[in-house]
Amino acid sequence: MTENNDSLDLDNELKSFNTETGTEGELPYAVATLVLGILSILGCFTYGIIGLICGIIALSLHSKDKSMYEKNKAFYDKSYKVASAGNVCAIIGTVLSAIGLLFLLLLIAGVALNG
């Protein structure tokens, strides 16, 4: 029972420390998520393969950041906004890349069937 109280006290001290000093934490993959999300949009013009890879990695990294953010929302607030922007870019890039790849595969199948 004392371990839970010690953990709770530590969490309260961390929250009060952050609000008093105005410092905020950085999510470890926020910038990487944003960069990969943007690359996934740009990568959709390369037959969809690069965009799909970057988008899937960005979505995976964002899920890790989101779980950290849920534990302490006030501490990671600004950094989470960067990660969310990357997540939106990753979703857009992944969808566009999947459509591009599907179109390419249908084009190849059509050429192969028609000789």
# chains A, B, ... in the order shown; residues from 1 in each chain; ligands from 1

call {"tool": "residues_around", "arguments": {"residues": "Ile99 of chain A", "least_positions_apart": "5", "cutoff": "10 Å", "atoms": "only C-alpha atoms", "output": "PyMOL selection string"}}
result
chain A and resi 44+47-48+52+93-94+104-105

call {"tool": "residues_around", "arguments": {"residues": "Ile50 of chain A", "least_positions_apart": "5", "cutoff": "9 Å", "atoms": "only C-alpha atoms", "output": "list in words"}}
result
Leu39, Ser40, Leu42, Gly43, Cys44, Phe45, Gly55 and Ser97 of chain A

call {"tool": "residues_around", "arguments": {"residues": "Ser84 of chain A", "least_positions_apart": "4", "cutoff": "8 Å", "atoms": "only C-alpha atoms", "output": "JSON, numbers by chain"}}
result
{"A": [62, 80, 88]}

call {"tool": "closest_residue", "arguments": {"among": "A:Leu27, A:Leu96, A:Met68, A:Leu113", "to": "Gly51 of chain A", "atoms": "only C-alpha atoms"}}
result
A:Leu96

call {"tool": "closest_residue", "arguments": {"among": "A:Gly110, A:Lys64, A:Ile56, A:Ser79", "to": "Gly37 of chain A", "atoms": "only C-alpha atoms"}}
result
A:Ile56

call {"tool": "atom_distance", "arguments": {"atom1": "atom CA of Lys81 of chain A", "atom2": "atom CA of Leu34 of chain A"}}
result
10.0 Å

call {"tool": "closest_residue", "arguments": {"among": "A:Glu24, A:Glu70, A:Leu102, A:Ile53", "to": "Ile41 of chain A", "atoms": "only C-alpha atoms"}}
result
A:Ile53

call {"tool": "closest_residue", "arguments": {"among": "A:Gly115, A:Gly100, A:Gly25, A:Gly86", "to": "Ile38 of chain A", "atoms": "only C-alpha atoms"}}
result
A:Gly86

call {"tool": "decode", "arguments": {"residues": "segment 51-97 of chain A", "atoms": "N, CA and C atoms", "output": "PDB file, in the first residue's frame"}}
result
ATOM      1  N   GLY A  51       6.274   5.708 -49.515  1.00  0.00           N
ATOM      2  CA  GLY A  51       5.257   6.373 -48.706  1.00  0.00           C
ATOM      3  C   GLY A  51       4.557   5.428 -47.756  1.00  0.00           C
ATOM      4  N   LEU A  52       4.306   4.234 -48.214  1.00  0.00           N
ATOM      5  CA  LEU A  52       3.646   3.234 -47.372  1.00  0.00           C
ATOM      6  C   LEU A  52       4.541   2.824 -46.209  1.00  0.00           C
ATOM      7  N   ILE A  53       5.816   2.619 -46.482  1.00  0.00           N
ATOM      8  CA  ILE A  53       6.754   2.233 -45.425  1.00  0.00           C
ATOM      9  C   ILE A  53       6.885   3.349 -44.389  1.00  0.00           C
ATOM     10  N   CYS A  54       7.100   4.582 -44.852  1.00  0.00           N
ATOM     11  CA  CYS A  54       7.246   5.718 -43.922  1.00  0.00           C
ATOM     12  C   CYS A  54       5.968   5.943 -43.117  1.00  0.00           C
ATOM     13  N   GLY A  55       4.825   5.821 -43.769  1.00  0.00           N
ATOM     14  CA  GLY A  55       3.548   6.033 -43.085  1.00  0.00           C
ATOM     15  C   GLY A  55       3.284   5.008 -41.999  1.00  0.00           C
ATOM     16  N   ILE A  56       3.574   3.762 -42.281  1.00  0.00           N
ATOM     17  CA  ILE A  56       3.346   2.701 -41.291  1.00  0.00           C
ATOM     18  C   ILE A  56       4.282   2.870 -40.097  1.00  0.00           C
ATOM     19  N   ILE A  57       5.525   3.226 -40.358  1.00  0.00           N
ATOM     20  CA  ILE A  57       6.466   3.451 -39.251  1.00  0.00           C
ATOM     21  C   ILE A  57       6.011   4.642 -38.412  1.00  0.00           C
ATOM     22  N   ALA A  58       5.566   5.720 -39.064  1.00  0.00           N
ATOM     23  CA  ALA A  58       5.102   6.902 -38.335  1.00  0.00           C
ATOM     24  C   ALA A  58       3.887   6.584 -37.473  1.00  0.00           C
ATOM     25  N   LEU A  59       2.967   5.790 -37.995  1.00  0.00           N
ATOM     26  CA  LEU A  59       1.788   5.410 -37.209  1.00  0.00           C
ATOM     27  C   LEU A  59       2.170   4.569 -36.002  1.00  0.00           C
ATOM     28  N   SER A  60       3.138   3.716 -36.173  1.00  0.00           N
ATOM     29  CA  SER A  60       3.614   2.887 -35.071  1.00  0.00           C
ATOM     30  C   SER A  60       4.279   3.740 -33.980  1.00  0.00           C
ATOM     31  N   LEU A  61       5.115   4.678 -34.402  1.00  0.00           N
ATOM     32  CA  LEU A  61       5.788   5.547 -33.428  1.00  0.00           C
ATOM     33  C   LEU A  61       4.786   6.440 -32.696  1.00  0.00           C
ATOM     34  N   HIS A  62       3.760   6.879 -33.423  1.00  0.00           N
ATOM     35  CA  HIS A  62       2.758   7.728 -32.773  1.00  0.00           C
ATOM     36  C   HIS A  62       1.987   6.966 -31.692  1.00  0.00           C
ATOM     37  N   SER A  63       1.737   5.698 -31.915  1.00  0.00           N
ATOM     38  CA  SER A  63       1.014   4.927 -30.892  1.00  0.00           C
ATOM     39  C   SER A  63       1.834   4.817 -29.606  1.00  0.00           C
ATOM     40  N   LYS A  64       3.161   4.722 -29.742  1.00  0.00           N
ATOM     41  CA  LYS A  64       4.021   4.700 -28.549  1.00  0.00           C
ATOM     42  C   LYS A  64       3.983   6.042 -27.826  1.00  0.00           C
ATOM     43  N   ASP A  65       4.056   7.127 -28.597  1.00  0.00           N
ATOM     44  CA  ASP A  65       3.995   8.453 -27.994  1.00  0.00           C
ATOM     45  C   ASP A  65       2.643   8.708 -27.334  1.00  0.00           C
ATOM     46  N   LYS A  66       1.585   8.221 -27.952  1.00  0.00           N
ATOM     47  CA  LYS A  66       0.250   8.446 -27.400  1.00  0.00           C
ATOM     48  C   LYS A  66       0.088   7.770 -26.052  1.00  0.00           C
ATOM     49  N   SER A  67       0.666   6.586 -25.890  1.00  0.00           N
ATOM     50  CA  SER A  67       0.558   5.902 -24.600  1.00  0.00           C
ATOM     51  C   SER A  67       1.330   6.664 -23.520  1.00  0.00           C
ATOM     52  N   MET A  68       2.468   7.264 -23.883  1.00  0.00           N
ATOM     53  CA  MET A  68       3.199   8.084 -22.911  1.00  0.00           C
ATOM     54  C   MET A  68       2.426   9.355 -22.580  1.00  0.00           C
ATOM     55  N   TYR A  69       1.800   9.944 -23.578  1.00  0.00           N
ATOM     56  CA  TYR A  69       1.025  11.170 -23.370  1.00  0.00           C
ATOM     57  C   TYR A  69      -0.168  10.928 -22.454  1.00  0.00           C
ATOM     58  N   GLU A  70      -0.812   9.806 -22.596  1.00  0.00           N
ATOM     59  CA  GLU A  70      -1.971   9.484 -21.769  1.00  0.00           C
ATOM     60  C   GLU A  70      -1.612   9.390 -20.288  1.00  0.00           C
ATOM     61  N   LYS A  71      -0.376   9.048 -19.978  1.00  0.00           N
ATOM     62  CA  LYS A  71       0.044   8.927 -18.582  1.00  0.00           C
ATOM     63  C   LYS A  71       0.230  10.284 -17.912  1.00  0.00           C
ATOM     64  N   ASN A  72       0.663  11.294 -18.676  1.00  0.00           N
ATOM     65  CA  ASN A  72       0.904  12.621 -18.110  1.00  0.00           C
ATOM     66  C   ASN A  72       0.651  13.671 -19.179  1.00  0.00           C
ATOM     67  N   LYS A  73      -0.614  14.049 -19.336  1.00  0.00           N
ATOM     68  CA  LYS A  73      -1.013  14.933 -20.423  1.00  0.00           C
ATOM     69  C   LYS A  73      -0.409  16.331 -20.303  1.00  0.00           C
ATOM     70  N   ALA A  74      -0.347  16.870 -19.099  1.00  0.00           N
ATOM     71  CA  ALA A  74       0.164  18.230 -18.933  1.00  0.00           C
ATOM     72  C   ALA A  74       1.648  18.321 -19.272  1.00  0.00           C
ATOM     73  N   PHE A  75       2.389  17.283 -18.985  1.00  0.00           N
ATOM     74  CA  PHE A  75       3.837  17.290 -19.194  1.00  0.00           C
ATOM     75  C   PHE A  75       4.201  17.239 -20.673  1.00  0.00           C
ATOM     76  N   TYR A  76       3.395  16.537 -21.468  1.00  0.00           N
ATOM     77  CA  TYR A  76       3.727  16.321 -22.880  1.00  0.00           C
ATOM     78  C   TYR A  76       2.807  17.069 -23.837  1.00  0.00           C
ATOM     79  N   ASP A  77       2.139  18.110 -23.380  1.00  0.00           N
ATOM     80  CA  ASP A  77       1.100  18.754 -24.182  1.00  0.00           C
ATOM     81  C   ASP A  77       1.607  19.302 -25.514  1.00  0.00           C
ATOM     82  N   LYS A  78       2.638  20.131 -25.498  1.00  0.00           N
ATOM     83  CA  LYS A  78       3.124  20.744 -26.746  1.00  0.00           C
ATOM     84  C   LYS A  78       3.735  19.707 -27.683  1.00  0.00           C
ATOM     85  N   SER A  79       4.475  18.804 -27.135  1.00  0.00           N
ATOM     86  CA  SER A  79       5.120  17.783 -27.941  1.00  0.00           C
ATOM     87  C   SER A  79       4.087  16.859 -28.581  1.00  0.00           C
ATOM     88  N   TYR A  80       2.970  16.647 -27.908  1.00  0.00           N
ATOM     89  CA  TYR A  80       1.931  15.779 -28.457  1.00  0.00           C
ATOM     90  C   TYR A  80       1.279  16.409 -29.681  1.00  0.00           C
ATOM     91  N   LYS A  81       1.216  17.736 -29.702  1.00  0.00           N
ATOM     92  CA  LYS A  81       0.648  18.412 -30.872  1.00  0.00           C
ATOM     93  C   LYS A  81       1.499  18.156 -32.108  1.00  0.00           C
ATOM     94  N   VAL A  82       2.807  18.136 -31.941  1.00  0.00           N
ATOM     95  CA  VAL A  82       3.712  17.818 -33.051  1.00  0.00           C
ATOM     96  C   VAL A  82       3.484  16.372 -33.500  1.00  0.00           C
ATOM     97  N   ALA A  83       3.375  15.469 -32.535  1.00  0.00           N
ATOM     98  CA  ALA A  83       3.150  14.063 -32.861  1.00  0.00           C
ATOM     99  C   ALA A  83       1.802  13.864 -33.543  1.00  0.00           C
ATOM    100  N   SER A  84       0.789  14.617 -33.131  1.00  0.00           N
ATOM    101  CA  SER A  84      -0.531  14.502 -33.759  1.00  0.00           C
ATOM    102  C   SER A  84      -0.506  14.998 -35.201  1.00  0.00           C
ATOM    103  N   ALA A  85       0.233  16.074 -35.446  1.00  0.00           N
ATOM    104  CA  ALA A  85       0.366  16.563 -36.825  1.00  0.00           C
ATOM    105  C   ALA A  85       1.055  15.511 -37.686  1.00  0.00           C
ATOM    106  N   GLY A  86       2.067  14.870 -37.132  1.00  0.00           N
ATOM    107  CA  GLY A  86       2.735  13.787 -37.852  1.00  0.00           C
ATOM    108  C   GLY A  86       1.820  12.617 -38.105  1.00  0.00           C
ATOM    109  N   ASN A  87       0.953  12.336 -37.152  1.00  0.00           N
ATOM    110  CA  ASN A  87       0.000  11.235 -37.306  1.00  0.00           C
ATOM    111  C   ASN A  87      -0.973  11.520 -38.443  1.00  0.00           C
ATOM    112  N   VAL A  88      -1.470  12.754 -38.512  1.00  0.00           N
ATOM    113  CA  VAL A  88      -2.386  13.127 -39.593  1.00  0.00           C
ATOM    114  C   VAL A  88      -1.685  13.012 -40.948  1.00  0.00           C
ATOM    115  N   CYS A  89      -0.450  13.517 -41.019  1.00  0.00           N
ATOM    116  CA  CYS A  89       0.325  13.402 -42.264  1.00  0.00           C
ATOM    117  C   CYS A  89       0.550  11.940 -42.631  1.00  0.00           C
ATOM    118  N   ALA A  90       0.832  11.111 -41.631  1.00  0.00           N
ATOM    119  CA  ALA A  90       1.073   9.687 -41.882  1.00  0.00           C
ATOM    120  C   ALA A  90      -0.178   8.998 -42.406  1.00  0.00           C
ATOM    121  N   ILE A  91      -1.326   9.338 -41.859  1.00  0.00           N
ATOM    122  CA  ILE A  91      -2.579   8.739 -42.329  1.00  0.00           C
ATOM    123  C   ILE A  91      -2.838   9.140 -43.777  1.00  0.00           C
ATOM    124  N   ILE A  92      -2.677  10.428 -44.073  1.00  0.00           N
ATOM    125  CA  ILE A  92      -2.893  10.907 -45.437  1.00  0.00           C
ATOM    126  C   ILE A  92      -1.900  10.241 -46.391  1.00  0.00           C
ATOM    127  N   GLY A  93      -0.626  10.232 -46.008  1.00  0.00           N
ATOM    128  CA  GLY A  93       0.399   9.630 -46.864  1.00  0.00           C
ATOM    129  C   GLY A  93       0.204   8.143 -47.066  1.00  0.00           C
ATOM    130  N   THR A  94      -0.216   7.435 -46.021  1.00  0.00           N
ATOM    131  CA  THR A  94      -0.436   5.993 -46.131  1.00  0.00           C
ATOM    132  C   THR A  94      -1.610   5.689 -47.062  1.00  0.00           C
ATOM    133  N   VAL A  95      -2.676   6.449 -46.927  1.00  0.00           N
ATOM    134  CA  VAL A  95      -3.840   6.235 -47.799  1.00  0.00           C
ATOM    135  C   VAL A  95      -3.486   6.547 -49.251  1.00  0.00           C
ATOM    136  N   LEU A  96      -2.831   7.685 -49.486  1.00  0.00           N
ATOM    137  CA  LEU A  96      -2.442   8.034 -50.853  1.00  0.00           C
ATOM    138  C   LEU A  96      -1.470   7.012 -51.439  1.00  0.00           C
ATOM    139  N   SER A  97      -0.542   6.548 -50.625  1.00  0.00           N
ATOM    140  CA  SER A  97       0.428   5.552 -51.089  1.00  0.00           C
ATOM    141  C   SER A  97      -0.248   4.227 -51.410  1.00  0.00           C
TER     142      SER A  97
END
